[in-house]
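Containing mmCIF, C-alpha atoms: protein-v7.cif.
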```cif
data_query
#
loop_
_atom_site.label_atom_id
_atom_site.label_comp_id
_atom_site.auth_asym_id
_atom_site.auth_seq_id
_atom_site.Cartn_x
_atom_site.Cartn_y
_atom_site.Cartn_z
CA MET A 654 88.37 -85.23 76.78
CA SER A 655 91.20 -87.15 78.38
CA GLU A 656 90.52 -90.54 80.01
CA PRO A 657 89.20 -90.44 83.60
CA ASP A 658 92.46 -92.06 84.73
CA ASP A 659 94.52 -89.33 83.10
CA PRO A 660 95.51 -86.59 85.60
CA ARG A 661 94.39 -84.03 83.01
CA TRP A 662 90.79 -85.20 83.22
CA LEU A 663 90.03 -82.67 85.97
CA ASP A 664 91.27 -79.76 83.85
CA ASP A 665 89.09 -80.93 80.99
CA VAL A 666 86.04 -81.35 83.20
CA ALA A 667 86.53 -78.02 84.98
CA GLY A 668 87.19 -76.26 81.69
CA GLU A 669 83.95 -77.54 80.26
CA LEU A 670 81.98 -76.63 83.38
CA ARG A 671 83.48 -73.14 83.33
CA ARG A 672 81.79 -72.43 80.04
CA GLU A 673 79.84 -69.23 80.50
CA VAL A 674 76.10 -69.42 80.96
CA PRO A 675 75.03 -66.23 79.17
CA VAL A 676 72.90 -63.78 81.10
CA ARG A 677 69.61 -63.29 79.30
CA PRO A 678 68.91 -59.60 78.60
CA ALA A 679 65.25 -60.00 79.64
CA TRP A 680 66.33 -61.50 82.95
CA ARG A 681 68.84 -58.69 83.54
CA ALA A 682 66.22 -56.04 82.72
CA ARG A 683 63.74 -57.63 85.13
CA LEU A 684 66.34 -57.79 87.89
CA LEU A 685 67.39 -54.15 87.45
CA ASP A 686 63.72 -53.16 87.40
CA ASP A 687 63.17 -54.96 90.72
CA VAL A 688 66.30 -53.33 92.14
CA ALA A 689 65.08 -49.88 91.07
CA ARG A 690 61.78 -50.51 92.86
CA ALA A 691 63.43 -51.84 96.03
CA PRO A 692 64.05 -49.44 98.93
CA ARG A 693 67.45 -47.82 98.57
CA PRO A 694 70.03 -49.33 100.90
CA SER A 695 71.58 -46.99 103.39
CA VAL A 696 74.41 -47.40 105.79
CA ARG A 697 72.76 -48.44 109.05
CA ASP A 698 69.07 -49.07 108.60
CA ILE A 699 69.20 -52.74 107.75
CA ALA A 700 66.69 -54.88 109.60
CA ASP A 701 68.02 -58.05 111.21
CA ASP A 702 65.90 -60.21 108.95
CA ALA A 703 67.20 -58.69 105.73
CA LEU A 704 68.78 -61.97 104.76
CA GLY A 705 65.92 -64.04 106.12
CA ASN A 706 66.52 -67.46 107.58
CA GLU A 707 68.97 -68.15 104.79
CA GLU A 708 71.40 -65.45 105.86
CA PRO A 709 75.08 -66.19 105.27
CA ALA A 710 76.73 -68.57 107.64
CA LEU A 711 79.04 -65.89 108.99
CA ASP A 712 76.08 -63.80 110.08
CA ARG A 713 74.66 -66.82 111.85
CA ALA A 714 78.00 -67.29 113.58
CA ARG A 715 78.00 -63.66 114.67
CA ARG A 716 74.47 -64.04 115.98
CA ARG A 717 75.49 -67.11 117.98
CA TRP A 718 78.31 -65.05 119.44
CA SER A 719 75.91 -62.28 120.36
CA ILE A 720 73.79 -64.85 122.20
CA THR A 721 76.77 -66.07 124.16
CA VAL A 722 77.71 -62.57 125.26
CA ALA A 723 74.12 -61.73 126.26
CA PRO A 724 74.43 -63.27 129.75
CA LEU A 725 77.63 -61.32 130.21
CA THR A 726 75.78 -58.15 129.30
CA GLY A 727 73.13 -59.04 131.86
CA LEU A 728 75.85 -59.65 134.41
CA ALA A 729 77.41 -56.30 133.63
CA ALA A 730 74.03 -54.58 134.00
CA ALA A 731 73.50 -56.29 137.36
CA SER A 732 76.97 -55.23 138.48
CA LEU A 733 76.22 -51.68 137.42
CA LEU A 734 73.01 -51.67 139.43
CA VAL A 735 74.84 -53.00 142.48
CA ALA A 736 77.56 -50.38 142.03
CA LEU A 737 74.96 -47.65 141.64
CA GLY A 738 73.20 -48.84 144.78
CA ALA A 739 76.48 -48.90 146.64
CA GLY A 740 77.31 -45.47 145.30
CA LEU A 741 73.98 -44.08 146.45
CA MET A 742 74.48 -45.57 149.88
CA TYR A 743 77.98 -44.13 149.97
CA VAL A 744 76.72 -40.67 148.92
CA ALA A 745 73.96 -40.86 151.49
CA MET A 746 76.47 -41.76 154.20
CA SER A 747 78.92 -39.15 152.97
CA SER A 748 76.29 -36.44 152.96
CA ARG A 749 76.03 -37.01 156.65
CA ALA A 750 79.75 -36.65 156.98
CA GLY A 751 79.88 -33.42 154.96
CA ALA A 752 79.73 -31.93 151.47
CA GLY A 753 83.51 -32.22 150.82
CA ALA A 754 83.45 -35.98 151.20
CA SER A 755 80.63 -36.37 148.62
CA GLN A 756 82.64 -34.39 146.05
CA ARG A 757 85.59 -36.80 146.46
CA ALA A 758 83.22 -39.77 145.88
CA ALA A 759 81.92 -38.23 142.62
CA HIS A 760 85.48 -37.99 141.23
CA ALA A 761 86.52 -41.56 142.07
CA GLY A 762 84.82 -43.39 139.08
CA PRO A 763 86.12 -41.54 135.98
CA SER A 764 89.69 -41.31 137.15
CA THR A 765 90.04 -45.09 137.29
CA ALA A 766 88.05 -45.88 134.11
CA SER A 767 89.60 -43.49 131.67
CA PRO A 768 93.15 -44.96 131.45
CA GLN A 769 91.65 -48.34 130.38
CA LEU A 770 89.66 -46.72 127.61
CA ALA A 771 92.59 -44.69 126.36
CA SER A 772 94.81 -47.75 126.03
CA ARG A 773 92.35 -49.42 123.66
CA THR A 774 91.74 -46.48 121.34
CA PRO A 775 94.34 -45.71 118.66
CA THR A 776 95.48 -42.13 118.88
CA VAL A 777 97.12 -39.83 116.40
CA THR A 778 100.52 -40.61 117.85
CA ASP A 779 100.00 -44.31 116.97
CA ARG A 780 99.95 -43.45 113.29
CA GLU A 781 102.86 -43.54 110.91
CA VAL A 782 103.35 -41.15 108.03
CA VAL A 783 103.21 -43.06 104.76
CA ARG A 784 104.19 -41.40 101.51
CA PHE A 785 102.49 -42.57 98.32
CA GLU A 786 103.93 -41.63 94.96
CA LEU A 787 103.16 -42.47 91.37
CA SER A 788 104.90 -41.63 88.14
CA ALA A 789 102.17 -40.67 85.68
CA PRO A 790 103.55 -37.82 83.55
CA ARG A 791 100.54 -37.59 81.25
CA ALA A 792 97.89 -37.68 83.98
CA SER A 793 95.93 -34.57 84.77
CA ARG A 794 94.35 -35.83 87.99
CA VAL A 795 95.44 -38.54 90.43
CA ALA A 796 93.77 -39.60 93.68
CA LEU A 797 94.39 -42.26 96.29
CA VAL A 798 91.60 -44.62 97.35
CA GLY A 799 91.71 -47.35 99.92
CA SER A 800 90.28 -49.00 102.96
CA PHE A 801 91.49 -46.02 105.03
CA ASN A 802 89.32 -43.44 103.17
CA GLU A 803 86.37 -45.70 102.34
CA TRP A 804 87.47 -45.85 98.70
CA ASN A 805 86.33 -42.29 98.23
CA PRO A 806 87.89 -41.03 94.97
CA VAL A 807 87.72 -37.37 95.97
CA ALA A 808 88.99 -37.64 99.56
CA THR A 809 92.74 -37.88 98.93
CA PRO A 810 94.03 -36.15 95.79
CA LEU A 811 97.74 -36.33 94.93
CA SER A 812 99.72 -33.30 93.86
CA ARG A 813 102.62 -33.19 91.44
CA ASP A 814 106.02 -32.83 93.06
CA PRO A 815 107.82 -30.11 91.05
CA ALA A 816 111.25 -31.63 91.75
CA SER A 817 110.60 -35.24 90.70
CA GLY A 818 107.54 -34.78 88.52
CA LYS A 819 105.82 -37.56 90.44
CA TRP A 820 102.36 -37.44 91.98
CA VAL A 821 102.68 -37.58 95.76
CA VAL A 822 100.67 -37.51 98.95
CA SER A 823 101.56 -38.31 102.55
CA LEU A 824 99.07 -39.74 105.02
CA ARG A 825 99.09 -40.75 108.64
CA LEU A 826 97.87 -44.35 108.79
CA PRO A 827 97.23 -46.55 111.80
CA PRO A 828 99.31 -49.74 112.12
CA GLY A 829 98.01 -52.67 110.09
CA ARG A 830 97.40 -53.81 106.56
CA HIS A 831 95.85 -51.31 104.17
CA VAL A 832 94.57 -52.10 100.67
CA TYR A 833 94.67 -49.22 98.22
CA ALA A 834 94.82 -48.15 94.58
CA PHE A 835 95.35 -44.99 92.56
CA VAL A 836 92.69 -43.32 90.44
CA VAL A 837 94.39 -41.85 87.39
CA ASP A 838 92.08 -39.63 85.33
CA GLY A 839 89.13 -41.69 86.48
CA ASP A 840 90.67 -45.13 86.01
CA VAL A 841 91.60 -47.29 88.97
CA THR A 842 95.12 -48.70 88.80
CA ALA A 843 97.34 -50.60 91.20
CA ASP A 844 100.56 -49.14 92.52
CA PRO A 845 103.26 -50.58 90.22
CA SER A 846 105.88 -50.36 92.95
CA ALA A 847 103.91 -52.15 95.68
CA PRO A 848 102.88 -55.75 96.25
CA ARG A 849 99.47 -56.78 95.00
CA ALA A 850 96.74 -57.67 97.46
CA ALA A 851 96.12 -61.41 97.59
CA ASP A 852 92.40 -60.75 97.95
CA ASP A 853 92.09 -58.69 94.80
CA ASP A 854 88.63 -57.39 94.29
CA PHE A 855 86.96 -57.57 90.91
CA GLY A 856 88.01 -54.80 88.51
CA SER A 857 91.48 -53.39 88.84
CA PRO A 858 93.90 -55.08 91.18
CA ASN A 859 94.67 -53.48 94.51
CA SER A 860 97.98 -52.88 96.26
CA VAL A 861 98.93 -53.39 99.87
CA VAL A 862 100.86 -51.33 102.36
CA LEU A 863 101.78 -52.67 105.78
CA VAL A 864 102.19 -50.09 108.53
CA SER A 865 104.08 -51.28 111.56
CA SER A 866 103.57 -49.98 115.08
CA PRO A 867 105.81 -47.01 115.82
CA ARG A 868 108.80 -47.73 118.03
CA THR A 869 108.28 -46.46 121.55
CA MET B 1118 67.44 -45.39 87.93
CA GLY B 1119 70.25 -43.62 89.76
CA VAL B 1120 72.60 -40.92 88.71
CA THR B 1121 76.19 -40.99 87.61
CA GLN B 1122 78.77 -39.57 89.97
CA PRO B 1123 77.99 -35.85 89.88
CA ASP B 1124 80.87 -35.21 92.26
CA VAL B 1125 83.47 -37.14 90.28
CA PRO B 1126 83.37 -35.97 86.68
CA GLY B 1127 84.81 -38.46 84.21
CA PHE B 1128 85.07 -41.21 86.80
CA ASN B 1129 85.01 -44.59 85.16
CA LEU B 1130 82.63 -47.01 86.87
CA ALA B 1131 84.04 -49.93 84.92
CA THR B 1132 87.45 -49.67 86.56
CA MET B 1133 86.19 -49.11 90.10
CA THR B 1134 86.74 -51.96 92.52
CA ASP B 1135 83.73 -53.71 93.98
CA ALA B 1136 84.29 -52.05 97.35
CA MET B 1137 84.23 -48.63 95.72
CA LEU B 1138 81.02 -49.47 93.87
CA VAL B 1139 79.37 -50.64 97.09
CA ARG B 1140 80.38 -47.39 98.76
CA ARG B 1141 78.87 -45.41 95.88
CA VAL B 1142 75.59 -47.36 96.05
CA LEU B 1143 75.37 -46.66 99.76
CA ASP B 1144 76.08 -43.00 99.02
CA GLY B 1145 73.01 -42.94 96.78
CA ASP B 1146 74.41 -43.81 93.35
CA THR B 1147 72.23 -46.82 92.57
CA ALA B 1148 73.63 -47.01 89.02
CA ALA B 1149 76.80 -48.41 90.54
CA PHE B 1150 74.84 -51.53 91.47
CA THR B 1151 74.22 -52.18 87.78
CA THR B 1152 77.98 -52.49 87.34
CA LEU B 1153 78.11 -55.00 90.20
CA VAL B 1154 75.31 -57.00 88.56
CA ASP B 1155 77.10 -56.98 85.21
CA ARG B 1156 80.33 -58.16 86.79
CA HIS B 1157 78.94 -61.02 88.82
CA ALA B 1158 75.68 -62.15 87.24
CA ALA B 1159 77.34 -64.53 84.76
CA ALA B 1160 79.34 -66.36 87.45
CA CYS B 1161 76.33 -66.53 89.77
CA THR B 1162 74.08 -67.85 87.01
CA ARG B 1163 76.69 -70.42 86.03
CA PHE B 1164 77.13 -71.67 89.60
CA ALA B 1165 73.37 -71.83 90.18
CA THR B 1166 72.77 -73.60 86.86
CA ARG B 1167 75.42 -76.23 87.58
CA MET B 1168 74.16 -76.57 91.14
CA LEU B 1169 70.44 -76.79 90.42
CA GLY B 1170 70.59 -78.40 87.01
CA ASN B 1171 68.17 -76.11 85.20
CA ARG B 1172 68.16 -72.57 83.98
CA GLU B 1173 64.83 -71.39 85.40
CA ASP B 1174 65.59 -72.32 89.01
CA ALA B 1175 69.09 -70.89 88.58
CA GLU B 1176 67.79 -67.53 87.36
CA ASP B 1177 65.31 -67.35 90.23
CA ALA B 1178 68.04 -68.09 92.78
CA THR B 1179 70.39 -65.54 91.20
CA GLN B 1180 67.69 -62.89 91.07
CA GLU B 1181 66.85 -63.39 94.75
CA THR B 1182 70.56 -63.26 95.54
CA PHE B 1183 71.08 -59.86 93.96
CA LEU B 1184 67.94 -58.42 95.50
CA ARG B 1185 68.95 -59.63 98.95
CA ALA B 1186 72.47 -58.35 98.41
CA TYR B 1187 71.12 -54.94 97.40
CA ARG B 1188 68.88 -54.69 100.45
CA SER B 1189 71.68 -55.83 102.76
CA LEU B 1190 74.51 -53.92 101.15
CA ALA B 1191 75.29 -51.98 104.30
CA ARG B 1192 76.23 -55.26 105.95
CA TYR B 1193 78.98 -55.93 103.45
CA GLU B 1194 82.41 -55.57 105.06
CA GLU B 1195 85.25 -54.51 102.81
CA ARG B 1196 87.78 -56.88 104.35
CA GLN B 1197 85.96 -59.66 102.50
CA ALA B 1198 85.90 -59.83 98.70
CA PHE B 1199 82.46 -58.81 97.43
CA ARG B 1200 82.26 -61.95 95.30
CA THR B 1201 82.72 -64.15 98.38
CA TRP B 1202 80.00 -62.25 100.22
CA LEU B 1203 77.68 -62.56 97.22
CA PHE B 1204 78.36 -66.29 96.99
CA GLN B 1205 77.44 -66.65 100.67
CA ILE B 1206 73.96 -65.45 99.78
CA LEU B 1207 73.83 -67.40 96.51
CA ILE B 1208 74.82 -70.68 98.15
CA ASN B 1209 72.04 -70.28 100.68
CA ARG B 1210 69.54 -69.45 97.92
CA CYS B 1211 70.59 -72.56 95.99
CA ARG B 1212 70.29 -74.75 99.09
CA THR B 1213 66.81 -73.36 99.71
CA ALA B 1214 65.83 -73.85 96.05
CA ALA B 1215 67.03 -77.45 96.15
CA VAL B 1216 64.95 -78.18 99.26
CA ARG B 1217 61.94 -76.48 97.70
CA ARG B 1218 62.36 -78.57 94.57
CA GLN B 1219 62.62 -81.79 96.58
CA ARG B 1220 59.32 -80.94 98.25
CA ARG B 1221 57.80 -80.24 94.82
CA HIS B 1222 59.01 -83.62 93.58
CA ARG B 1223 57.64 -85.39 96.63
CA MET B 1224 54.32 -83.71 96.02
CA PHE B 1225 53.97 -84.91 92.45
CA LEU B 1226 56.02 -88.09 92.29
CA VAL B 1227 54.94 -90.31 95.12
CA ASP B 1228 54.86 -93.65 93.34
CA ASP B 1229 58.44 -94.91 93.64
CA SER B 1230 57.89 -97.98 91.47
CA ALA B 1231 56.40 -95.84 88.72
CA ILE B 1232 59.38 -93.51 88.94
CA ALA B 1233 61.81 -96.42 88.75
CA ALA B 1234 60.00 -97.81 85.73
CA ALA B 1235 59.92 -94.42 84.07
CA SER B 1236 63.52 -93.47 84.78
CA VAL B 1237 65.53 -94.11 81.71
CA ARG B 1238 69.10 -93.04 81.33
CA PRO B 1239 69.07 -90.10 78.92
CA ALA B 1240 70.16 -90.94 75.42
CA VAL B 1241 73.81 -89.99 75.19
CA ASP B 1242 76.01 -90.03 72.19
CA ALA B 1243 79.38 -91.55 72.93
CA GLY B 1244 81.05 -88.25 72.18
CA ASP B 1245 78.58 -86.07 74.02
CA LEU B 1246 80.86 -84.69 76.70
CA ARG B 1247 78.34 -82.27 78.11
CA ALA B 1248 75.72 -84.93 78.73
CA GLU B 1249 78.34 -87.17 80.36
CA LEU B 1250 79.48 -84.33 82.54
CA LYS B 1251 75.94 -83.49 83.53
CA ARG B 1252 75.43 -87.10 84.52
CA ALA B 1253 78.64 -87.05 86.56
CA ILE B 1254 77.71 -83.78 88.29
CA ASP B 1255 74.19 -85.04 88.99
CA ALA B 1256 75.68 -88.13 90.61
CA LEU B 1257 77.31 -86.02 93.34
CA ASP B 1258 75.71 -85.32 96.68
CA PRO B 1259 74.66 -81.65 96.88
CA ASP B 1260 77.40 -80.94 99.45
CA GLN B 1261 80.06 -82.48 97.23
CA ARG B 1262 78.72 -80.73 94.12
CA GLU B 1263 78.73 -77.38 95.90
CA ALA B 1264 82.35 -77.82 97.08
CA PHE B 1265 83.53 -79.11 93.70
CA LEU B 1266 81.95 -76.23 91.77
CA LEU B 1267 83.27 -73.58 94.14
CA LYS B 1268 86.79 -74.99 93.99
CA HIS B 1269 87.27 -76.12 90.42
CA VAL B 1270 84.74 -74.05 88.47
CA GLU B 1271 84.45 -70.76 90.36
CA GLN B 1272 88.06 -71.14 91.52
CA LEU B 1273 87.61 -69.86 95.05
CA SER B 1274 90.38 -70.50 97.55
CA TYR B 1275 89.59 -72.84 100.44
CA ASP B 1276 89.50 -69.86 102.79
CA GLU B 1277 86.99 -68.10 100.55
CA MET B 1278 84.95 -71.28 100.33
CA ALA B 1279 84.94 -71.59 104.11
CA ALA B 1280 83.74 -67.99 104.43
CA ALA B 1281 81.05 -68.51 101.80
CA THR B 1282 79.73 -71.85 103.04
CA GLY B 1283 80.33 -71.67 106.79
CA ILE B 1284 82.09 -75.05 106.58
CA GLY B 1285 85.64 -75.72 107.75
CA VAL B 1286 88.55 -75.99 105.33
CA SER B 1287 89.33 -79.63 106.18
CA ALA B 1288 85.75 -80.72 105.59
CA LEU B 1289 85.69 -78.82 102.30
CA LYS B 1290 88.90 -80.48 101.12
CA MET B 1291 87.40 -83.85 101.94
CA ARG B 1292 84.23 -83.03 100.00
CA VAL B 1293 86.19 -81.89 96.96
CA LYS B 1294 88.29 -85.05 97.02
CA ARG B 1295 85.24 -87.29 97.31
CA ALA B 1296 83.55 -85.35 94.53
CA CYS B 1297 86.57 -85.88 92.26
CA ASP B 1298 86.69 -89.60 93.08
CA ARG B 1299 82.99 -89.98 92.45
CA MET B 1300 83.07 -88.08 89.17
CA GLN B 1301 86.03 -90.09 87.96
CA TRP B 1302 84.18 -93.29 88.80
CA VAL B 1303 81.00 -92.19 87.01
CA LEU B 1304 82.89 -91.07 83.92
CA ARG B 1305 84.88 -94.32 83.84
CA GLU B 1306 81.66 -96.30 84.26
CA GLY B 1307 80.14 -94.36 81.36
CA GLU B 1308 83.11 -95.26 79.19
CA ALA B 1309 82.88 -98.91 80.16
CA SER B 1310 79.19 -99.06 79.28
CA ASP B 1311 79.87 -97.26 76.01
CA VAL B 1312 82.48 -99.92 75.18
CA GLY B 1313 80.07 -102.68 76.20
CA THR B 1314 77.26 -101.47 73.94
#
```
Show me this structure written as structure tokens.
Amino acid sequence: MSEPDDPRWLDDVAGELRREVPVRPAWRARLLDDVARAPRPSVRDIADDALGNEEPALDRARRRWSITVAPLTGLAAASLLVALGAGLMYVAMSSRAGAGASQRAAHAGPSTASPQLASRTPTVTDREVVRFELSAPRASRVALVGSFNEWNPVATPLSRDPASGKWVVSLRLPPGRHVYAFVVDGDVTADPSAPRAADDDFGSPNSVVLVSSPRT
Amino acid sequence: MGVTQPDVPGFNLATMTDAMLVRRVLDGDTAAFTTLVDRHAAACTRFATRMLGNREDAEDATQETFLRAYRSLARYEERQAFRTWLFQILINRCRTAAVRRQRRHRMFLVDDSAIAAASVRPAVDAGDLRAELKRAIDALDPDQREAFLLKHVEQLSYDEMAAATGIGVSALKMRVKRACDRMQWVLREGEASDVGT
């Protein structure tokens, strides 16, 4: 090893500490046995205490946030009750005035609320058409997987373009950053013509496509 | 245990990304979790061993980590690398194991003077790098050791470290720097004493 005063000492130390600690087969078998006996995870049935008191810090942060919004939720519920009470009083008063007036009161809420909701929800017109293509002349099956199709290898197959011989597919994607990869005859491969994702997952590297907001 | 992708004939689990494997586990293919274990168990065991200083505690912490990860898999969000998420759990397991071990030590070793009399620096050959390194790592505070190992051994970025530990980037950089300074000092001291003997 180099001297502790030598700038290379850290490389030497880190290199030594990076030496693999082999996984013992008996330990692996016991772990997989325990996993097989554990209840199967499913998408939304996780109890809040799944990670116990030692849950990851980010979850704790989220929980703190949920505590801070709780009073706001209470406030909103109180406001709703007041509004409902006012509405009932209004309907009661209107019923005295006549049936036509009560119908106008019933229409007043939704017509003001719906534009706010619509502005927050991406719509089909917000999406841009993105064309993915891959040159893989010997492949018999190519699919596209990514954050936009939950990495489902059967959701988005590519077809061969007779003119260019390339595998192609076009998708409408919402604006933002999308990480994706191709699945070529069962093997995951990055798009050779696209930038690599900085946050590569384990296994094959991923690619990135950035979709900008459409011009209005 | 599980089945192998009946709907995707010929699909190669080994080349699937972690996010794809998680999706498959949640879709009912528990065999995909075996691939996740095989990818990450070695790094988790290494971190836990360096952190806790012995193999048995490290294996227990790693086992608990994978079981908790399996049970909580639906909470994993794909925008985060699976390894970072797994290390979040592992770091907490190691912290808990360290506290548990401290309690164990307090339970059995209450006579400080006896401990001081009994504590002898382990016999180290001058060329025994591993023993010197172990001594240097043991000399770090747990917080510094954790930051040093994540940065220089597991090679996480500072952003990943912040996500995994819940500690800010500036504080982590400070811990890594102090860990480096401390280790350098301990290693230099070891050399000096080797020269003196």
**OP:** Using all atoms listed in the file, determine which residues of chain B fall within 6 Å of chain A; present them as a PyMOL selection string.
**Re:** chain B and resi 1118+1127-1129+1132-1135+1137+1143+1159+1163+1188+1191+1198+1205-1206+1209+1269-1270+1283+1301+1305
Original post:
Written as an MDAnalysis selection string, which residues does the PyMOL selection byres ((chain B and resi 1277) around 12) give for the file shown?
Top reply: (chainID A and resid 711 851:852) or (chainID B and resid 1196:1205 1264 1267:1268 1271:1276 1278:1286 1289)
Original post:
How many Å separate CA of Thr1182 in chain B from CA of Gln1261 in chain B?
Top reply: 21.5 Å
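Nearest-residue note for Asp1144 in chain B: choosing from B:Ala1296, B:Leu1190, B:Leu1266, B:Ala1288, the minimum distance belongs to B:Leu1190, counting only C-alpha atoms.
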Subject >> Interatomic distance (Å, one decimal) between CA of Val864 in chain A and CA of Ser793 in chain A >> reply: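 Computing it gives 29.1 Å between the two atoms.
Residues selected in this file by the PyMOL selection byres ((chain A and resi 783) around 9) comprise A:Glu781, A:Val782, A:Arg784, A:Phe785, A:Val822, A:Ser823, A:Leu824, A:Arg825, A:Leu826, A:Val862, A:Val864.
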Subject >> Point-to-point distance from CA of Arg1292 in chain B to CA of His1157 in chain B, Å rounded to tenths >> reply: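 Taking CA of Arg1292 in chain B and CA of His1157 in chain B, their separation equals 25.2 Å.
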